[in-house]
Amino acid sequence: MALPPAAGAAPPVTPFAAQPHGLGGGGLRRPSPAPLGAGLRLGPLFWPWEKVKVGPLSVSPMGFGTWAWGNQLLWGYQESMDSELQECFNLALKNGINLFDTADSYGTGKLNGQSERLLGRFIRPIKSPDDVVIATKFAAYPWRLTSGQFVSACKSSLERLELDRLGIGQLHWSTAKYAPLQERALWDGLVEMYEKGLVRAVGVSNYGPKQLLKIHSYLASKGVPLSSAQVQFSLLSMGDEQMELKTVCDSLGIRLIAYSPLGLGMLTGKYDASNLPKGPRSLLFRQILPGLESLLTCLKQIAEKKGKTMSQVAINWCICKGTIPIPGVKTVRHVEENLGALGWRLSPAEISELESAGMAAPKKMIQNVFQTA
């Protein structure tokens with residue numbers, strides 16, 4: 001299938017010298033500019049204060065995901081964690097991170113929507129809330145059958161977030177597989193959100209390359225640009241379809257946002273067969289972890305050589321592939337460690353080595369059941 005020409009590329013950012021050892025004393029430090037005539041960098045080498053474009057928005061080269069904020073079943077959330085989550089948010093902002101991803105379905109049981117409510121509380125003291133880019137996703141629930149109902153969902157999210165306008169409004173998943181007629185109504189809902197000024201940009205999540213081309217074409221016919229596509233993307237989920245999706249995104253000028261860049265924690269090196277996470281994740285880890293010895297060894301060796309952690313290497317790989325990773329955070333330690341994924345880059349040889357090890361793993365991450373072709 002022929003792809004349309006790429007949209008205008010964002011201007012390049014000024015290169016920064018890399019620091020090899022994490023955050024160092026007191027946080028990130030802006031290094032001296034590279035001398036004139038220094039060789040061009042091979043690919044993305046971003047510090048958090050540098051920004052990349054997502055449609056009309058300027059966002060940090062890495063964002064943070066808030067799936068765990070309110071999720072008791074999978075992530076063990078308790079309201080006693082809220083003060084540390086506030087610290088996470090503040091530390092991220094202080095270090096230049098301005099993209100936070102959430103969803104109206106994040107939060108279990110009576111805590112449904114808790115992730116958005118917490119972000120709203122944390123944003124409240126900020127004098128210029130537009131400086132924080134909130135990307136929320138609206139669930140394609142079966143009772144959301146009209147564009148008006150989808151717009152109402154957006155307004156409910158805005159109330160929880162205590163905002164007048166969202167950064168990115170995203171359709172959480174496609175209904176093409178099981179309710180194709182509903183899909184068109186949801187697309188029209190995205191159009192209405194944009195036209196009413198409720199969102200600054202529009203995106204999708206869990207769309208495969210073929211369906212992405214369809215919604216891009218439809219939105220374009222309505223004068224609405226599609227700015228982002230969020231999908232599971234990591235060294236454990238880089239199959240043919242994911243890479244084709246990245247190619248389509250690049251062709252259309254759509255920014256790919258990589259969720260689960262650490263494979264739900266499997267790429268952190270913190271777990272093994274005798275040390276599994278609590279809850280439902282343990283079932284998945286038990287199936288996949290035994291076959292990851294080669295990949296985890298590769299991650300560890302590169303991390304030790306770089307003076308980094310395995311998590312930082314795995315996230316940096318996503319950045320080197322031209323995506324915006326959004327690792328989840330629920331502790332200050334998570335924020336500090338993830339910030340160390342910025343300001344340096346893997347070499348082409350290291351990228352190739354990691355990808356070879358990832359492709360050789362006998363079992364990969366299970367793709368989201370809602371992801372379309």
# chains A, B, ... in the order shown; residues from 1 in each chain; ligands from 1
call {"tool": "select_by_dssp", "arguments": {"residues": "range 94-278 of chain A", "states": "strand (DSSP E)", "output": "count of residues only"}}
result
36
call {"tool": "select_by_dssp", "arguments": {"residues": "range 192-339 of chain A", "states": "helix (DSSP H, G or I)", "output": "PyMOL selection string"}}
result
chain A and resi 192-195+209-221+240-252+263-265+281-291+293-306+310-320+332-339
call {"tool": "atom_distance", "arguments": {"atom1": "CA of Lys137 in chain A", "atom2": "CA of Arg117 in chain A"}}
result
13.9 Å
call {"tool": "closest_atom_pairs", "arguments": {"of": "range 227-283 of chain A", "to": "range 198-214 of chain A", "cutoff": "7 Å", "atoms": "only C-alpha atoms", "output": "JSON lines"}}
result
{"residue": "A:Ser227", "atom": "CA", "partner": "A:Gly203", "partner_atom": "CA", "distance": 5.5}
{"residue": "A:Ser228", "atom": "CA", "partner": "A:Gly203", "partner_atom": "CA", "distance": 4.5}
{"residue": "A:Ala229", "atom": "CA", "partner": "A:Val204", "partner_atom": "CA", "distance": 4.9}
{"residue": "A:Gln230", "atom": "CA", "partner": "A:Ser205", "partner_atom": "CA", "distance": 4.4}
{"residue": "A:Val231", "atom": "CA", "partner": "A:Asn206", "partner_atom": "CA", "distance": 5.1}
{"residue": "A:Glu244", "atom": "CA", "partner": "A:Pro209", "partner_atom": "CA", "distance": 6.5}
{"residue": "A:Leu245", "atom": "CA", "partner": "A:Pro209", "partner_atom": "CA", "distance": 4.6}
{"residue": "A:Val248", "atom": "CA", "partner": "A:Pro209", "partner_atom": "CA", "distance": 6.4}
call {"tool": "closest_residue", "arguments": {"among": "A:Gln78, A:Met266, A:Val133, A:Cys249", "to": "Gly291 in chain A", "atoms": "only C-alpha atoms"}}
result
A:Met266
call {"tool": "residues_around", "arguments": {"residues": "Glu355 in chain A", "least_positions_apart": "5", "cutoff": "10 Å", "atoms": "only C-alpha atoms", "output": "number ranges by chain"}}
result
A: 234-236, 238, 295, 298, 317, 349-350, 360
call {"tool": "write_last_selection", "arguments": {"atoms": "all heavy atoms", "output": "PDB file, in the first residue's frame"}}
result
ATOM      1  N   SER A 234       8.332  -2.056  22.858  1.00  0.00           N
ATOM      2  CA  SER A 234       9.502  -2.301  23.701  1.00  0.00           C
ATOM      3  C   SER A 234      10.345  -3.383  23.046  1.00  0.00           C
ATOM      4  O   SER A 234       9.994  -3.905  21.982  1.00  0.00           O
ATOM      5  CB  SER A 234       9.075  -2.759  25.105  1.00  0.00           C
ATOM      6  OG  SER A 234       8.625  -4.106  25.075  1.00  0.00           O
ATOM      7  N   LEU A 235      11.446  -3.725  23.687  1.00  0.00           N
ATOM      8  CA  LEU A 235      12.278  -4.821  23.191  1.00  0.00           C
ATOM      9  C   LEU A 235      11.557  -6.159  23.239  1.00  0.00           C
ATOM     10  O   LEU A 235      11.996  -7.130  22.628  1.00  0.00           O
ATOM     11  CB  LEU A 235      13.573  -4.893  24.008  1.00  0.00           C
ATOM     12  CG  LEU A 235      14.610  -3.813  23.682  1.00  0.00           C
ATOM     13  CD1 LEU A 235      15.642  -3.721  24.793  1.00  0.00           C
ATOM     14  CD2 LEU A 235      15.283  -4.097  22.337  1.00  0.00           C
ATOM     15  N   LEU A 236      10.441  -6.205  23.964  1.00  0.00           N
ATOM     16  CA  LEU A 236       9.626  -7.426  24.022  1.00  0.00           C
ATOM     17  C   LEU A 236       8.416  -7.358  23.099  1.00  0.00           C
ATOM     18  O   LEU A 236       7.650  -8.306  23.013  1.00  0.00           O
ATOM     19  CB  LEU A 236       9.150  -7.672  25.460  1.00  0.00           C
ATOM     20  CG  LEU A 236      10.176  -8.250  26.430  1.00  0.00           C
ATOM     21  CD1 LEU A 236       9.554  -8.405  27.813  1.00  0.00           C
ATOM     22  CD2 LEU A 236      10.698  -9.580  25.928  1.00  0.00           C
ATOM     23  N   MET A 238       8.275  -5.843  19.522  1.00  0.00           N
ATOM     24  CA  MET A 238       8.737  -5.147  18.307  1.00  0.00           C
ATOM     25  C   MET A 238       8.571  -6.058  17.105  1.00  0.00           C
ATOM     26  O   MET A 238       9.470  -6.200  16.275  1.00  0.00           O
ATOM     27  CB  MET A 238      10.196  -4.703  18.467  1.00  0.00           C
ATOM     28  CG  MET A 238      11.155  -5.823  18.835  1.00  0.00           C
ATOM     29  SD  MET A 238      12.871  -5.299  18.748  1.00  0.00           S
ATOM     30  CE  MET A 238      13.675  -6.823  19.238  1.00  0.00           C
ATOM     31  N   LEU A 295      18.326 -11.856  26.434  1.00  0.00           N
ATOM     32  CA  LEU A 295      18.010 -10.432  26.347  1.00  0.00           C
ATOM     33  C   LEU A 295      18.404  -9.699  27.627  1.00  0.00           C
ATOM     34  O   LEU A 295      18.997  -8.617  27.589  1.00  0.00           O
ATOM     35  CB  LEU A 295      16.520 -10.240  26.055  1.00  0.00           C
ATOM     36  CG  LEU A 295      16.011  -8.788  26.060  1.00  0.00           C
ATOM     37  CD1 LEU A 295      16.773  -7.944  25.056  1.00  0.00           C
ATOM     38  CD2 LEU A 295      14.514  -8.754  25.773  1.00  0.00           C
ATOM     39  N   CYS A 298      22.096  -9.311  27.868  1.00  0.00           N
ATOM     40  CA  CYS A 298      22.532  -8.254  26.946  1.00  0.00           C
ATOM     41  C   CYS A 298      22.257  -6.874  27.548  1.00  0.00           C
ATOM     42  O   CYS A 298      23.125  -5.988  27.529  1.00  0.00           O
ATOM     43  CB  CYS A 298      21.820  -8.422  25.607  1.00  0.00           C
ATOM     44  SG  CYS A 298      22.321  -7.234  24.341  1.00  0.00           S
ATOM     45  N   TRP A 317      16.440   2.698  24.315  1.00  0.00           N
ATOM     46  CA  TRP A 317      16.219   2.023  23.025  1.00  0.00           C
ATOM     47  C   TRP A 317      14.958   2.563  22.361  1.00  0.00           C
ATOM     48  O   TRP A 317      14.952   2.828  21.154  1.00  0.00           O
ATOM     49  CB  TRP A 317      16.114   0.508  23.234  1.00  0.00           C
ATOM     50  CG  TRP A 317      15.778  -0.225  21.968  1.00  0.00           C
ATOM     51  CD1 TRP A 317      16.640  -0.638  20.995  1.00  0.00           C
ATOM     52  CD2 TRP A 317      14.464  -0.593  21.520  1.00  0.00           C
ATOM     53  NE1 TRP A 317      15.955  -1.244  19.966  1.00  0.00           N
ATOM     54  CE2 TRP A 317      14.615  -1.230  20.262  1.00  0.00           C
ATOM     55  CE3 TRP A 317      13.188  -0.451  22.063  1.00  0.00           C
ATOM     56  CZ2 TRP A 317      13.530  -1.718  19.539  1.00  0.00           C
ATOM     57  CZ3 TRP A 317      12.096  -0.943  21.335  1.00  0.00           C
ATOM     58  CH2 TRP A 317      12.281  -1.567  20.087  1.00  0.00           C
ATOM     59  N   ALA A 349      25.554  -0.269  17.101  1.00  0.00           N
ATOM     60  CA  ALA A 349      25.905  -1.662  17.375  1.00  0.00           C
ATOM     61  C   ALA A 349      25.151  -2.189  18.586  1.00  0.00           C
ATOM     62  O   ALA A 349      24.688  -3.346  18.597  1.00  0.00           O
ATOM     63  CB  ALA A 349      27.413  -1.788  17.600  1.00  0.00           C
ATOM     64  N   GLU A 350      25.003  -1.355  19.612  1.00  0.00           N
ATOM     65  CA  GLU A 350      24.271  -1.766  20.815  1.00  0.00           C
ATOM     66  C   GLU A 350      22.791  -1.953  20.522  1.00  0.00           C
ATOM     67  O   GLU A 350      22.153  -2.897  21.020  1.00  0.00           O
ATOM     68  CB  GLU A 350      24.477  -0.728  21.922  1.00  0.00           C
ATOM     69  CG  GLU A 350      25.886  -0.733  22.486  1.00  0.00           C
ATOM     70  CD  GLU A 350      26.234   0.511  23.277  1.00  0.00           C
ATOM     71  OE1 GLU A 350      25.536   1.544  23.118  1.00  0.00           O
ATOM     72  OE2 GLU A 350      27.198   0.468  24.054  1.00  0.00           O
ATOM     73  N   ALA A 360      15.201 -13.049  19.454  1.00  0.00           N
ATOM     74  CA  ALA A 360      15.494 -14.460  19.722  1.00  0.00           C
ATOM     75  C   ALA A 360      14.706 -15.010  20.908  1.00  0.00           C
ATOM     76  O   ALA A 360      14.678 -16.234  21.112  1.00  0.00           O
ATOM     77  CB  ALA A 360      16.992 -14.630  19.984  1.00  0.00           C
TER      78      ALA A 360
END
call {"tool": "closest_residue", "arguments": {"among": "A:Leu73, A:Gly96, A:Ala103, A:Lys222", "to": "Glu50 in chain A", "atoms": "only C-alpha atoms"}}
result
A:Gly96
call {"tool": "residues_around", "arguments": {"residues": "Ile123 in chain A", "least_positions_apart": "4", "cutoff": "12 Å", "atoms": "only C-alpha atoms", "output": "ChimeraX atom specification"}}
result
/A:86,89-90,93,98,100,116-119,127-134,160-163
call {"tool": "atom_distance", "arguments": {"atom1": "CA of Gly113 in chain A", "atom2": "CA of Glu183 in chain A"}}
result
22.8 Å
call {"tool": "atom_distance", "arguments": {"atom1": "CA of Ser237 in chain A", "atom2": "CA of Met359 in chain A"}}
result
9.1 Å
call {"tool": "residues_around", "arguments": {"residues": "His216 in chain A", "least_positions_apart": "5", "cutoff": "9 Å", "atoms": "only C-alpha atoms", "output": "MDAnalysis selection string"}}
result
chainID A and resid 211 221 224:226 252
call {"tool": "closest_atom_pairs", "arguments": {"of": "range 35-149 of chain A", "to": "range 277-290 of chain A", "cutoff": "10 Å", "atoms": "only C-alpha atoms", "output": "Markdown table"}}
result
| residue | atom | partner | partner_atom | distance |
| --- | --- | --- | --- | --- |
| A:Gln72 | CA | A:Gly279 | CA | 9.6 |
| A:Leu73 | CA | A:Gly279 | CA | 6.9 |
| A:Leu74 | CA | A:Gly279 | CA | 6.0 |
| A:Trp75 | CA | A:Gly279 | CA | 7.8 |
| A:Gly76 | CA | A:Gly279 | CA | 8.2 |
call {"tool": "residues_around", "arguments": {"residues": "Trp47 in chain A", "least_positions_apart": "2", "cutoff": "6 Å", "atoms": "only C-alpha atoms", "output": "ChimeraX atom specification"}}
result
/A:49-50,342-343
call {"tool": "write_last_selection", "arguments": {"atoms": "C-alpha atoms", "output": "short mmCIF file (atom, residue, chain, number, x, y, z; two decimals), in the first residue's frame"}}
result
data_model
loop_
_atom_site.label_atom_id
_atom_site.label_comp_id
_atom_site.auth_asym_id
_atom_site.auth_seq_id
_atom_site.Cartn_x
_atom_site.Cartn_y
_atom_site.Cartn_z
CA TRP A 49 14.22 20.27 28.82
CA GLU A 50 14.49 19.70 25.09
CA LEU A 342 17.79 10.78 28.83
CA GLY A 343 20.86 12.74 27.78
#
call {"tool": "closest_residue", "arguments": {"among": "A:Ala373, A:Ile215, A:Leu256, A:Ala92", "to": "Asp240 in chain A", "atoms": "only C-alpha atoms"}}
result
A:Ala373
call {"tool": "residues_around", "arguments": {"residues": "Tyr106 in chain A", "least_positions_apart": "6", "cutoff": "9 Å", "atoms": "only C-alpha atoms", "output": "JSON, numbers by chain"}}
result
{"A": [66, 67, 68, 69, 70, 71, 112, 113, 114, 115, 116]}
call {"tool": "decode", "arguments": {"residues": "range 147-159 of chain A", "atoms": "all heavy atoms", "output": "CSV table (one decimal), in the first residue's frame"}}
result
chain,number,residue,atom,x,y,z
A,147,SER,N,-21.4,10.2,18.9
A,147,SER,CA,-20.3,11.2,19.0
A,147,SER,C,-20.6,12.1,20.2
A,147,SER,O,-19.6,12.5,20.9
A,147,SER,CB,-20.2,12.1,17.7
A,147,SER,OG,-21.4,12.7,17.5
A,148,GLY,N,-21.9,12.4,20.5
A,148,GLY,CA,-22.2,13.3,21.6
A,148,GLY,C,-21.8,12.6,23.0
A,148,GLY,O,-21.3,13.2,23.9
A,149,GLN,N,-22.0,11.3,23.0
A,149,GLN,CA,-21.6,10.6,24.3
A,149,GLN,C,-20.1,10.6,24.4
A,149,GLN,O,-19.6,10.6,25.6
A,149,GLN,CB,-22.2,9.1,24.2
A,149,GLN,CG,-23.7,9.1,24.4
A,149,GLN,CD,-24.2,7.7,24.1
A,149,GLN,OE1,-23.8,7.0,23.2
A,149,GLN,NE2,-25.2,7.3,24.9
A,150,PHE,N,-19.4,10.5,23.3
A,150,PHE,CA,-17.9,10.5,23.4
A,150,PHE,C,-17.4,11.9,23.9
A,150,PHE,O,-16.5,12.0,24.6
A,150,PHE,CB,-17.3,10.1,22.1
A,150,PHE,CG,-16.1,9.3,22.2
A,150,PHE,CD1,-16.0,8.3,23.1
A,150,PHE,CD2,-14.9,9.6,21.5
A,150,PHE,CE1,-14.8,7.5,23.2
A,150,PHE,CE2,-13.8,8.9,21.6
A,150,PHE,CZ,-13.7,7.9,22.5
A,151,VAL,N,-18.1,12.9,23.4
A,151,VAL,CA,-17.8,14.3,23.8
A,151,VAL,C,-18.1,14.5,25.3
A,151,VAL,O,-17.3,15.1,26.0
A,151,VAL,CB,-18.5,15.3,22.9
A,151,VAL,CG1,-18.3,16.8,23.5
A,151,VAL,CG2,-18.0,15.3,21.5
A,152,SER,N,-19.2,13.9,25.7
A,152,SER,CA,-19.5,14.0,27.1
A,152,SER,C,-18.4,13.3,28.0
A,152,SER,O,-18.1,13.8,29.1
A,152,SER,CB,-20.9,13.3,27.4
A,152,SER,OG,-21.9,14.0,26.8
A,153,ALA,N,-17.9,12.2,27.5
A,153,ALA,CA,-16.8,11.5,28.2
A,153,ALA,C,-15.6,12.5,28.3
A,153,ALA,O,-14.9,12.5,29.4
A,153,ALA,CB,-16.4,10.2,27.4
A,154,CYS,N,-15.3,13.2,27.3
A,154,CYS,CA,-14.2,14.2,27.3
A,154,CYS,C,-14.5,15.2,28.4
A,154,CYS,O,-13.6,15.6,29.2
A,154,CYS,CB,-14.0,14.8,25.9
A,154,CYS,SG,-12.8,16.1,25.9
A,155,LYS,N,-15.7,15.7,28.4
A,155,LYS,CA,-16.0,16.8,29.4
A,155,LYS,C,-15.9,16.2,30.8
A,155,LYS,O,-15.5,17.0,31.7
A,155,LYS,CB,-17.4,17.3,29.1
A,155,LYS,CG,-17.5,18.1,27.8
A,155,LYS,CD,-19.0,18.6,27.6
A,155,LYS,CE,-19.0,19.4,26.3
A,155,LYS,NZ,-20.5,19.9,26.0
A,156,SER,N,-16.3,15.0,31.0
A,156,SER,CA,-16.1,14.4,32.4
A,156,SER,C,-14.7,14.3,32.8
A,156,SER,O,-14.3,14.5,33.9
A,156,SER,CB,-16.8,13.0,32.4
A,156,SER,OG,-18.2,13.1,32.2
A,157,SER,N,-13.8,13.9,31.8
A,157,SER,CA,-12.4,13.9,32.1
A,157,SER,C,-11.9,15.3,32.4
A,157,SER,O,-11.1,15.4,33.4
A,157,SER,CB,-11.6,13.3,30.9
A,157,SER,OG,-11.8,11.9,30.8
A,158,LEU,N,-12.3,16.3,31.7
A,158,LEU,CA,-11.9,17.6,32.0
A,158,LEU,C,-12.3,18.0,33.4
A,158,LEU,O,-11.5,18.7,34.1
A,158,LEU,CB,-12.5,18.6,31.0
A,158,LEU,CG,-11.8,18.5,29.6
A,158,LEU,CD1,-12.6,19.4,28.6
A,158,LEU,CD2,-10.4,19.1,29.6
A,159,GLU,N,-13.4,17.6,33.9
A,159,GLU,CA,-13.9,17.9,35.2
A,159,GLU,C,-13.0,17.3,36.3
A,159,GLU,O,-12.6,17.9,37.2
A,159,GLU,CB,-15.3,17.5,35.4
A,159,GLU,CG,-16.4,18.3,34.7
A,159,GLU,CD,-17.8,17.8,34.9
A,159,GLU,OE1,-18.0,16.9,35.8
A,159,GLU,OE2,-18.7,18.3,34.2
